[in-house]
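Have a look at target-v4.txt below; it lists compact mmCIF, C-alpha atoms.
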```txt
# COMPACT_ATOMS: atom_id res chain seq x y z
CA MET R 1 21.33 -15.30 4.65
CA GLN R 2 23.26 -12.63 6.50
CA LEU R 3 21.15 -10.12 8.45
CA THR R 4 22.32 -6.57 9.17
CA LEU R 5 20.41 -3.86 11.06
CA THR R 6 21.32 -0.18 10.73
CA LYS R 7 19.57 2.70 12.51
CA TYR R 8 19.35 6.19 11.07
CA THR R 9 17.84 9.46 12.25
CA LEU R 10 16.53 11.41 9.26
CA PRO R 11 16.36 15.21 9.77
CA LEU R 12 13.31 16.73 8.08
CA LYS R 13 13.37 19.83 5.89
CA HIS R 14 10.50 21.31 7.91
CA THR R 15 8.66 20.45 11.11
CA PHE R 16 6.03 17.91 10.07
CA SER R 17 2.69 18.24 11.86
CA ILE R 18 -0.59 16.39 11.59
CA SER R 19 -3.68 16.63 13.78
CA ARG R 20 -2.17 14.55 16.61
CA GLU R 21 1.62 15.08 16.57
CA SER R 22 4.66 17.02 15.27
CA HIS R 23 8.28 16.07 14.69
CA ASP R 24 11.54 17.37 13.20
CA PHE R 25 13.32 14.02 12.86
CA GLN R 26 12.32 10.51 11.83
CA ASP R 27 14.03 7.42 13.23
CA THR R 28 14.24 4.63 10.69
CA LEU R 29 15.65 1.10 10.65
CA ILE R 30 17.24 -0.41 7.53
CA VAL R 31 17.28 -4.20 7.32
CA SER R 32 19.79 -5.82 4.96
CA LEU R 33 19.59 -9.45 3.84
CA SER R 34 22.60 -10.81 1.91
CA LEU R 35 22.91 -14.06 -0.01
CA ASP R 36 25.22 -15.25 -2.81
CA GLY R 37 26.82 -11.84 -3.25
CA LYS R 38 23.51 -9.93 -3.48
CA THR R 39 21.97 -7.67 -0.81
CA GLY R 40 18.36 -6.66 -0.42
CA TYR R 41 17.21 -3.70 1.66
CA GLY R 42 14.05 -2.99 3.61
CA GLU R 43 12.93 -0.15 5.84
CA THR R 44 10.63 0.48 8.77
CA THR R 45 10.14 3.56 10.93
CA SER R 46 9.41 4.33 14.54
CA ASN R 47 5.83 5.44 15.19
CA PRO R 48 4.58 6.83 18.52
CA TYR R 49 0.91 6.41 17.53
CA TYR R 50 1.45 2.64 17.22
CA LYS R 51 4.02 2.52 20.10
CA ILE R 52 6.82 1.42 17.75
CA THR R 53 10.38 2.45 18.70
CA MET R 54 13.85 1.65 17.39
CA ASP R 55 14.50 -0.37 20.55
CA THR R 56 11.37 -2.52 20.16
CA LEU R 57 12.02 -3.09 16.45
CA THR R 58 15.65 -4.05 17.00
CA ALA R 59 14.80 -6.38 19.88
CA GLU R 60 12.11 -8.12 17.84
CA ILE R 61 14.32 -8.82 14.85
CA GLU R 62 17.42 -9.68 16.88
CA GLY R 63 15.30 -12.20 18.78
CA MET R 64 14.81 -14.07 15.49
CA ARG R 65 18.28 -13.56 14.01
CA SER R 66 19.17 -17.26 13.99
CA GLU R 67 15.89 -18.36 12.40
CA ILE R 68 16.10 -15.59 9.77
CA GLU R 69 19.70 -16.28 8.82
CA ASN R 70 19.07 -20.01 8.54
CA PHE R 71 15.90 -19.68 6.44
CA PRO R 72 16.34 -21.13 2.90
CA LEU R 73 15.01 -18.22 0.82
CA LYS R 74 13.13 -19.52 -2.23
CA THR R 75 10.46 -16.82 -2.56
CA PRO R 76 9.58 -13.70 -0.53
CA GLU R 77 6.08 -15.13 -0.02
CA ALA R 78 7.45 -18.27 1.67
CA PHE R 79 9.69 -16.10 3.87
CA HIS R 80 6.69 -13.93 4.83
CA ARG R 81 4.61 -17.02 5.73
CA PHE R 82 7.44 -18.22 7.95
CA LEU R 83 7.81 -14.83 9.68
CA SER R 84 4.04 -14.46 10.11
CA GLN R 85 4.07 -17.45 12.47
CA SER R 86 6.28 -15.48 14.87
CA GLU R 87 5.37 -12.63 17.22
CA LEU R 88 6.99 -9.96 15.06
CA SER R 89 5.07 -6.69 14.77
CA ASN R 90 3.94 -5.70 11.29
CA PHE R 91 6.47 -2.86 11.33
CA ALA R 92 9.36 -5.32 11.84
CA LEU R 93 7.80 -7.78 9.40
CA CYS R 94 7.61 -5.05 6.76
CA ALA R 95 11.34 -4.32 6.78
CA LEU R 96 12.21 -8.01 6.48
CA ASP R 97 9.65 -8.58 3.72
CA LEU R 98 10.89 -5.57 1.72
CA ALA R 99 14.50 -6.74 2.06
CA ALA R 100 13.55 -10.26 0.92
CA HIS R 101 11.72 -8.90 -2.14
CA ASP R 102 14.62 -6.64 -3.08
CA LEU R 103 17.08 -9.52 -2.65
CA TYR R 104 14.87 -11.94 -4.63
CA GLY R 105 14.52 -9.53 -7.55
CA LYS R 106 18.26 -8.82 -7.59
CA MET R 107 18.97 -12.56 -7.69
CA LEU R 108 16.64 -12.87 -10.70
CA ASP R 109 17.97 -9.59 -12.15
CA LYS R 110 14.40 -8.36 -12.67
CA PRO R 111 12.46 -5.47 -11.12
CA LEU R 112 9.58 -6.56 -8.91
CA TYR R 113 6.92 -4.94 -11.10
CA GLU R 114 8.11 -7.16 -13.97
CA ILE R 115 8.14 -10.28 -11.79
CA TRP R 116 4.53 -9.45 -10.86
CA GLY R 117 3.51 -9.24 -14.53
CA THR R 118 2.97 -5.47 -14.69
CA ASN R 119 4.63 -2.73 -16.75
CA LEU R 120 5.29 1.00 -16.59
CA ASP R 121 2.86 2.06 -19.34
CA ARG R 122 0.73 3.88 -16.75
CA TYR R 123 1.27 4.86 -13.15
CA PRO R 124 0.00 7.63 -10.84
CA THR R 125 1.93 10.73 -9.79
CA THR R 126 2.79 11.06 -6.14
CA ASN R 127 1.30 13.90 -4.13
CA TYR R 128 3.49 16.22 -2.03
CA THR R 129 2.39 16.59 1.58
CA ILE R 130 1.84 19.95 3.27
CA GLY R 131 1.74 19.40 7.04
CA ILE R 132 -0.27 21.52 9.46
CA ALA R 133 1.46 24.85 10.16
CA SER R 134 0.71 28.54 10.10
CA LEU R 135 -0.84 29.65 6.83
CA ASP R 136 2.33 31.54 5.91
CA LYS R 137 4.45 28.42 6.42
CA MET R 138 2.06 26.22 4.44
CA LEU R 139 2.17 28.71 1.57
CA ALA R 140 5.95 28.89 1.79
CA LYS R 141 6.21 25.08 1.51
CA MET R 142 4.02 25.12 -1.60
CA GLN R 143 6.08 27.88 -3.19
CA GLU R 144 9.32 26.09 -2.29
CA THR R 145 8.10 22.89 -3.96
CA PRO R 146 5.71 23.54 -6.88
CA TRP R 147 3.88 20.26 -7.46
CA PRO R 148 0.92 18.96 -9.52
CA ILE R 149 -0.81 17.29 -6.52
CA TYR R 150 -0.74 18.35 -2.86
CA LYS R 151 -1.95 16.37 0.12
CA ILE R 152 -2.94 18.92 2.75
CA LYS R 153 -2.99 17.85 6.38
CA LEU R 154 -5.90 19.38 8.28
CA GLY R 155 -7.59 19.11 11.67
CA THR R 156 -7.79 22.73 12.84
CA ASP R 157 -10.63 25.14 13.61
CA ASP R 158 -10.20 26.84 10.21
CA ASP R 159 -9.76 23.97 7.76
CA VAL R 160 -11.92 25.23 4.89
CA ALA R 161 -10.47 28.74 5.21
CA ILE R 162 -6.96 27.30 4.97
CA VAL R 163 -7.80 25.44 1.75
CA ARG R 164 -9.52 28.51 0.34
CA GLU R 165 -6.40 30.60 0.89
CA LEU R 166 -4.03 27.93 -0.48
CA ARG R 167 -6.16 27.64 -3.61
CA LYS R 168 -5.41 31.27 -4.46
CA HIS R 169 -1.77 30.35 -5.06
CA THR R 170 -1.89 27.15 -7.15
CA ASP R 171 -3.93 25.24 -9.72
CA ALA R 172 -2.69 21.90 -8.36
CA ILE R 173 -5.02 19.07 -7.37
CA PHE R 174 -5.70 19.04 -3.61
CA ARG R 175 -6.22 15.98 -1.44
CA ILE R 176 -7.28 16.46 2.18
CA ASP R 177 -6.12 14.27 5.07
CA ALA R 178 -7.75 15.10 8.42
CA ASN R 179 -6.09 12.16 10.25
CA CYS R 180 -9.28 11.27 12.19
CA ALA R 181 -9.87 14.85 13.39
CA TRP R 182 -13.38 15.53 12.00
CA SER R 183 -16.89 14.44 12.91
CA ALA R 184 -19.33 12.98 10.40
CA LYS R 185 -21.34 16.21 10.41
CA GLU R 186 -18.22 18.30 9.82
CA THR R 187 -17.10 16.04 6.97
CA ILE R 188 -20.47 16.14 5.20
CA GLU R 189 -20.68 19.93 5.56
CA ASN R 190 -17.08 20.52 4.46
CA ALA R 191 -17.24 18.25 1.42
CA PRO R 192 -19.16 20.51 -1.04
CA LEU R 193 -17.09 23.55 -0.03
CA LEU R 194 -13.87 21.61 -0.56
CA LYS R 195 -15.03 20.14 -3.85
CA ASP R 196 -15.60 23.67 -5.15
CA LEU R 197 -11.99 24.40 -4.14
CA GLY R 198 -10.60 21.61 -6.32
CA VAL R 199 -10.27 18.86 -3.71
CA GLU R 200 -10.13 15.35 -5.23
CA PHE R 201 -10.91 13.26 -2.15
CA LEU R 202 -10.89 13.17 1.65
CA GLU R 203 -8.62 10.78 3.52
CA GLN R 204 -9.65 9.34 6.91
CA PRO R 205 -11.75 12.24 8.20
CA LEU R 206 -13.21 10.30 11.17
CA ARG R 207 -11.76 8.23 13.99
CA ALA R 208 -10.69 4.80 12.81
CA ASP R 209 -13.39 3.04 14.83
CA ASN R 210 -16.27 5.37 13.91
CA TRP R 211 -17.91 2.98 11.43
CA GLU R 212 -21.41 4.33 12.09
CA GLY R 213 -20.25 7.85 11.27
CA MET R 214 -18.48 6.65 8.13
CA GLU R 215 -21.68 5.01 6.94
CA ARG R 216 -23.37 8.43 7.14
CA VAL R 217 -20.45 10.04 5.33
CA MET R 218 -20.53 7.44 2.56
CA HIS R 219 -24.20 8.15 1.87
CA GLN R 220 -24.01 11.94 2.17
CA SER R 221 -20.51 13.17 1.26
CA ILE R 222 -20.19 14.69 -2.20
CA LEU R 223 -16.46 13.82 -2.18
CA PRO R 224 -14.97 10.29 -2.23
CA VAL R 225 -13.45 9.12 1.05
CA ILE R 226 -10.27 7.03 1.36
CA ALA R 227 -9.52 4.86 4.42
CA ASP R 228 -6.14 5.09 6.13
CA GLU R 229 -6.22 4.44 9.89
CA SER R 230 -9.35 2.31 9.32
CA CYS R 231 -7.44 0.02 6.95
CA ILE R 232 -4.35 -1.38 8.62
CA VAL R 233 -4.24 -5.09 7.76
CA GLU R 234 -5.76 -7.44 5.19
CA ALA R 235 -8.83 -8.22 7.29
CA ASP R 236 -9.82 -4.52 7.23
CA VAL R 237 -10.26 -4.30 3.47
CA GLU R 238 -13.64 -6.00 3.25
CA LYS R 239 -15.16 -3.85 6.01
CA CYS R 240 -13.83 -0.73 4.32
CA GLY R 241 -15.68 -1.78 1.18
CA LEU R 242 -18.96 -0.82 2.88
CA HIS R 243 -17.72 2.44 4.39
CA PHE R 244 -15.17 4.01 2.02
CA ASN R 245 -14.57 4.59 -1.70
CA GLY R 246 -10.96 3.46 -1.52
CA ILE R 247 -8.13 2.39 0.77
CA ASN R 248 -4.66 3.74 1.51
CA ILE R 249 -2.27 0.86 2.25
CA LYS R 250 0.84 1.51 4.34
CA LEU R 251 3.49 -1.19 3.96
CA THR R 252 4.78 -0.67 7.49
CA LYS R 253 1.33 -1.11 8.99
CA CYS R 254 0.20 -4.16 6.99
CA GLY R 255 3.53 -6.02 7.12
CA GLY R 256 5.16 -5.42 3.74
CA LEU R 257 4.70 -6.01 0.03
CA THR R 258 3.38 -9.56 0.39
CA PRO R 259 0.14 -8.60 2.20
CA ALA R 260 -0.09 -5.31 0.28
CA LEU R 261 -0.38 -7.21 -3.01
CA ARG R 262 -3.27 -9.24 -1.59
CA MET R 263 -4.94 -6.10 -0.23
CA ILE R 264 -4.74 -4.42 -3.65
CA LYS R 265 -6.29 -7.48 -5.30
CA LYS R 266 -9.11 -7.63 -2.73
CA ALA R 267 -9.80 -3.91 -3.01
CA LYS R 268 -10.14 -4.15 -6.78
CA GLU R 269 -12.57 -7.06 -6.39
CA LEU R 270 -14.69 -4.83 -4.11
CA GLY R 271 -14.59 -1.90 -6.53
CA LEU R 272 -12.43 0.23 -4.24
CA LYS R 273 -9.80 2.69 -5.43
CA THR R 274 -6.29 1.64 -4.45
CA MET R 275 -3.64 3.87 -2.95
CA VAL R 276 -0.34 3.19 -1.21
CA GLY R 277 1.01 5.75 1.23
CA CYS R 278 4.32 6.19 2.98
CA MET R 279 5.61 7.16 6.35
CA THR R 280 8.36 9.81 6.46
CA GLU R 281 10.94 7.39 5.12
CA SER R 282 13.94 7.21 2.84
CA THR R 283 14.33 5.99 -0.73
CA VAL R 284 14.65 2.43 0.63
CA GLY R 285 10.98 2.17 1.54
CA ILE R 286 9.83 4.43 -1.29
CA SER R 287 11.55 2.29 -3.94
CA ALA R 288 9.54 -0.70 -2.72
CA ILE R 289 6.31 1.31 -3.01
CA ALA R 290 7.30 2.33 -6.55
CA GLN R 291 7.20 -1.31 -7.68
CA LEU R 292 3.44 -1.32 -6.95
CA LEU R 293 2.68 1.79 -9.01
CA PRO R 294 1.21 0.09 -12.11
CA GLN R 295 -1.46 -1.46 -9.86
CA LEU R 296 -2.51 1.78 -8.12
CA ASP R 297 -4.96 4.62 -8.66
CA TYR R 298 -3.19 7.03 -6.28
CA VAL R 299 0.11 7.12 -4.43
CA ASP R 300 1.71 9.09 -1.62
CA MET R 301 5.46 8.38 -1.82
CA ASP R 302 6.98 11.77 -1.08
CA GLY R 303 9.11 10.64 1.88
CA PRO R 304 12.50 11.42 0.26
CA LEU R 305 11.25 14.90 -0.68
CA LEU R 306 10.57 15.71 2.99
CA ILE R 307 13.99 14.79 4.41
CA LYS R 308 17.16 16.89 4.28
CA GLU R 309 19.50 14.11 3.21
CA ASP R 310 18.69 10.69 1.79
CA ILE R 311 20.53 7.51 2.73
CA ALA R 312 19.95 5.43 -0.41
CA ASP R 313 19.59 5.41 -4.18
CA GLY R 314 16.75 3.74 -6.03
CA ILE R 315 13.65 5.35 -7.46
CA ARG R 316 14.25 9.00 -8.40
CA ILE R 317 11.40 11.52 -8.10
CA LEU R 318 11.95 14.47 -10.43
CA ASP R 319 10.83 18.05 -9.84
CA ASP R 320 7.69 17.60 -11.97
CA GLY R 321 6.67 14.38 -10.20
CA LYS R 322 7.90 12.09 -12.98
CA LEU R 323 10.00 9.08 -12.01
CA ILE R 324 13.24 7.43 -13.07
CA PHE R 325 13.16 3.75 -12.16
CA PRO R 326 16.39 2.03 -11.10
CA SER R 327 18.11 -0.40 -13.46
CA LEU R 328 18.86 -2.92 -10.70
CA GLY R 329 16.56 -5.86 -10.05
CA GLY R 330 14.19 -6.06 -7.10
CA SER R 331 13.31 -2.61 -5.77
CA GLY R 332 16.66 -1.40 -7.15
CA ILE R 333 18.09 -0.11 -3.86
CA THR R 334 21.69 0.69 -2.98
CA LEU R 335 22.74 2.32 0.30
CA ARG R 336 24.92 5.43 0.09
```
Let me see the structure of the file written as structure tokens.
Amino acid sequence: MQLTLTKYTLPLKHTFSISRESHDFQDTLIVSLSLDGKTGYGETTSNPYYKITMDTLTAEIEGMRSEIENFPLKTPEAFHRFLSQSELSNFALCALDLAAHDLYGKMLDKPLYEIWGTNLDRYPTTNYTIGIASLDKMLAKMQETPWPIYKIKLGTDDDVAIVRELRKHTDAIFRIDANCAWSAKETIENAPLLKDLGVEFLEQPLRADNWEGMERVMHQSILPVIADESCIVEADVEKCGLHFNGINIKLTKCGGLTPALRMIKKAKELGLKTMVGCMTESTVGISAIAQLLPQLDYVDMDGPLLIKEDIADGIRILDDGKLIFPSLGGSGITLR
């Protein structure tokens, strides 16, 4: 295989803020794997919370260039097993795994969802994320992008009041993501108020390691709770089964589609709702997520809607949230 690494800086339409950070740009790395005239693409992003930078990602993958290019690709799963024996971070592993899946599907001329034995008869609609900002700016974002489902980032001193005001301007479903900013007491007290305001579920209200607090929340919250920062890798799924109603899988954090498929299967065995979320990424990463849609209850794949200019073609998200799937095999990605 031939390996190519390309760095991009994606300008955002608006400053994106959550409870712990804000940014106006997103650095992203596109990995290309080429074989027999076909090219597969994968993506991974920098992430200060997990101490991931473009320099560390590039150094990791370049350090394995020879082994990667000489690997005899038969299946993406075999490639992932090989890479998992190295010291690659999950963020670097994700981009390589996504590229291998896209390449594999293109070589078979089949979309990944079809290779996995699923179909497009039913799939969830993505939410659109409203980051923390002044109330006027949050309202302006909603009015700029009317959407059937909003994920609202919270973690302020006036969270319920913010949701109450936003509710006056839309009938859309609300999902709340506090990004670890609440206490157990705050979550339990907020839940009935938020449910009355049309909130569907709460995502990661407590610190990732606050398992005792989450046990209280599970027994006392009137709203379902979805794990994000508490569910990073495969080993986390079983523990989340005792503390959450569902899990949000991030491909970059778990290491790609290969482990994500196993996490979805395990979650279903435990009776958990399944969700896949995105970082602020381009259509490259989002098109890989789209292949998982028939297996999911919820999805957060609004990355391309948050950036000013995309770098790829693949899955198309229409103004009403409906999707147009690419005709190419794999994840269906082409770079612009």
Take every atom of stretch 293-297 of chain R listed in the file, fit an axis-aligned box around them, add 5 Å per side, and give the centre and edge lengths in Å to one decimal as lines of an AutoDock Vina configuration file.
```
center_x = -1.1
center_y = 1.6
center_z = -10.1
size_x = 17.6
size_y = 16.1
size_z = 14.0
```
Requested in this report: Rank nothing, just name the residue among R:Met275, R:Ile222, R:Ile232, R:Leu154 nearest to R:Pro294, using all atoms listed in the file.
Outcome: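 Using all atoms listed in the file, the shortest distance to R:Pro294 belongs to R:Met275.
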Please list as a list in words every residue within 10 Å of R:His80, counting all atoms listed in the file and excluding residues in the same chain fewer than 6 positions away.
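Here the qualifying residues turn out to be Leu93, Cys94, Leu96, Asp97, Leu98, Ala100, His101, Gly255, Gly256, Leu257, Thr258 and Pro259 of chain R.
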In terms of all atoms listed in the file, the residue from R:Pro148, R:Gly155, R:Gly314, R:Gly271 at minimal distance from R:Ile173 is R:Pro148
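Comparing the minimum interatomic distances between R:Asp158 and each of R:Asp121, R:Asp297, R:Glu186, R:Glu69, counting only C-alpha atoms, we find that R:Glu186 sits nearest.
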Using only C-alpha atoms, the shortest atom-to-atom distance to R:Glu144 among R:Met214, R:Ile317, R:Met107, R:Leu306 belongs to R:Leu306
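Between R:Ile30 and the candidates R:Phe91, R:Phe82, R:Tyr50, R:Tyr128, the tightest atom-to-atom separation, counting all atoms listed in the file, involves R:Phe91.
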For R:Leu194, the closest of R:Arg216, R:Arg164, R:His169, R:Arg336 counting all atoms listed in the file is R:Arg164
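Atom CA of R:Val276 sits 16.4 Å away from atom CA of R:Ile152.
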For stretch 198-206 of chain R, list every protein, DNA or RNA residue within 7 Å, evaluated using all atoms listed in the file, and leave out those in the same chain fewer than 2 positions away; present the list as a tab-separated table (two decimals) with C-alpha atoms, in the frame of the given file.
```tsv
chain	number	residue	atom	x	y	z
R	173	ILE	CA	-5.02	19.07	-7.37
R	174	PHE	CA	-5.70	19.04	-3.61
R	175	ARG	CA	-6.22	15.98	-1.44
R	176	ILE	CA	-7.28	16.46	2.18
R	177	ASP	CA	-6.12	14.27	5.07
R	178	ALA	CA	-7.75	15.10	8.42
R	179	ASN	CA	-6.09	12.16	10.25
R	180	CYS	CA	-9.28	11.27	12.19
R	181	ALA	CA	-9.87	14.85	13.39
R	182	TRP	CA	-13.38	15.53	12.00
R	183	SER	CA	-16.89	14.44	12.91
R	184	ALA	CA	-19.33	12.98	10.40
R	187	THR	CA	-17.10	16.04	6.97
R	194	LEU	CA	-13.87	21.61	-0.56
R	195	LYS	CA	-15.03	20.14	-3.85
R	196	ASP	CA	-15.60	23.67	-5.15
R	208	ALA	CA	-10.69	4.80	12.81
R	210	ASN	CA	-16.27	5.37	13.91
R	223	LEU	CA	-16.46	13.82	-2.18
R	224	PRO	CA	-14.97	10.29	-2.23
R	225	VAL	CA	-13.45	9.12	1.05
R	226	ILE	CA	-10.27	7.03	1.36
R	227	ALA	CA	-9.52	4.86	4.42
R	228	ASP	CA	-6.14	5.09	6.13
R	229	GLU	CA	-6.22	4.44	9.89
```
Atom CA of R:Lys137 sits from atom CA of R:Thr15 at a separation of 10.2 Å
I want to know what sits within 7 Å of R:Tyr104, based on all atoms listed in the file, with residues of the same chain fewer than 5 positions away left out; could you give that as an mmCIF file with C-alpha atoms, keeping the file's coordinate frame?
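So the final result, stored in part.cif, reads:
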```
data_model
loop_
_atom_site.group_PDB
_atom_site.id
_atom_site.type_symbol
_atom_site.label_atom_id
_atom_site.label_comp_id
_atom_site.auth_asym_id
_atom_site.auth_seq_id
_atom_site.Cartn_x
_atom_site.Cartn_y
_atom_site.Cartn_z
ATOM 1 C CA THR R 75 10.460 -16.820 -2.560
ATOM 2 C CA PRO R 76 9.580 -13.700 -0.530
ATOM 3 C CA GLY R 330 14.190 -6.060 -7.100
#
```
(Q) Show me, as an MDAnalysis selection string, the residues that have an atom within 6 Å of stretch 3-11 of chain R when counting all atoms listed in the file, minus same-chain residues fewer than 5 positions from it. (A) chainID R and resid 25:33 307:308
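When atom CA of R:Arg65 is paired with atom CA of R:Ser86, their separation reads 12.2 Å.
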Open item on the list: Residues near R:Ile311, anyone? I mean within 8 Å using all atoms listed in the file, not counting same-chain ones fewer than 5 positions away, as a list in words.
Closed with: Ser282, Thr283, Leu335 and Arg336 of chain R
Would you export the selected residues with C-alpha atoms as a short mmCIF file (atom, residue, chain, number, x, y, z; two decimals), in the frame of the given file, please?
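Dumped everything to selection_17.cif:
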```cif
data_model
loop_
_atom_site.label_atom_id
_atom_site.label_comp_id
_atom_site.auth_asym_id
_atom_site.auth_seq_id
_atom_site.Cartn_x
_atom_site.Cartn_y
_atom_site.Cartn_z
CA SER R 282 13.94 7.21 2.84
CA THR R 283 14.33 5.99 -0.73
CA LEU R 335 22.74 2.32 0.30
CA ARG R 336 24.92 5.43 0.09
#
```
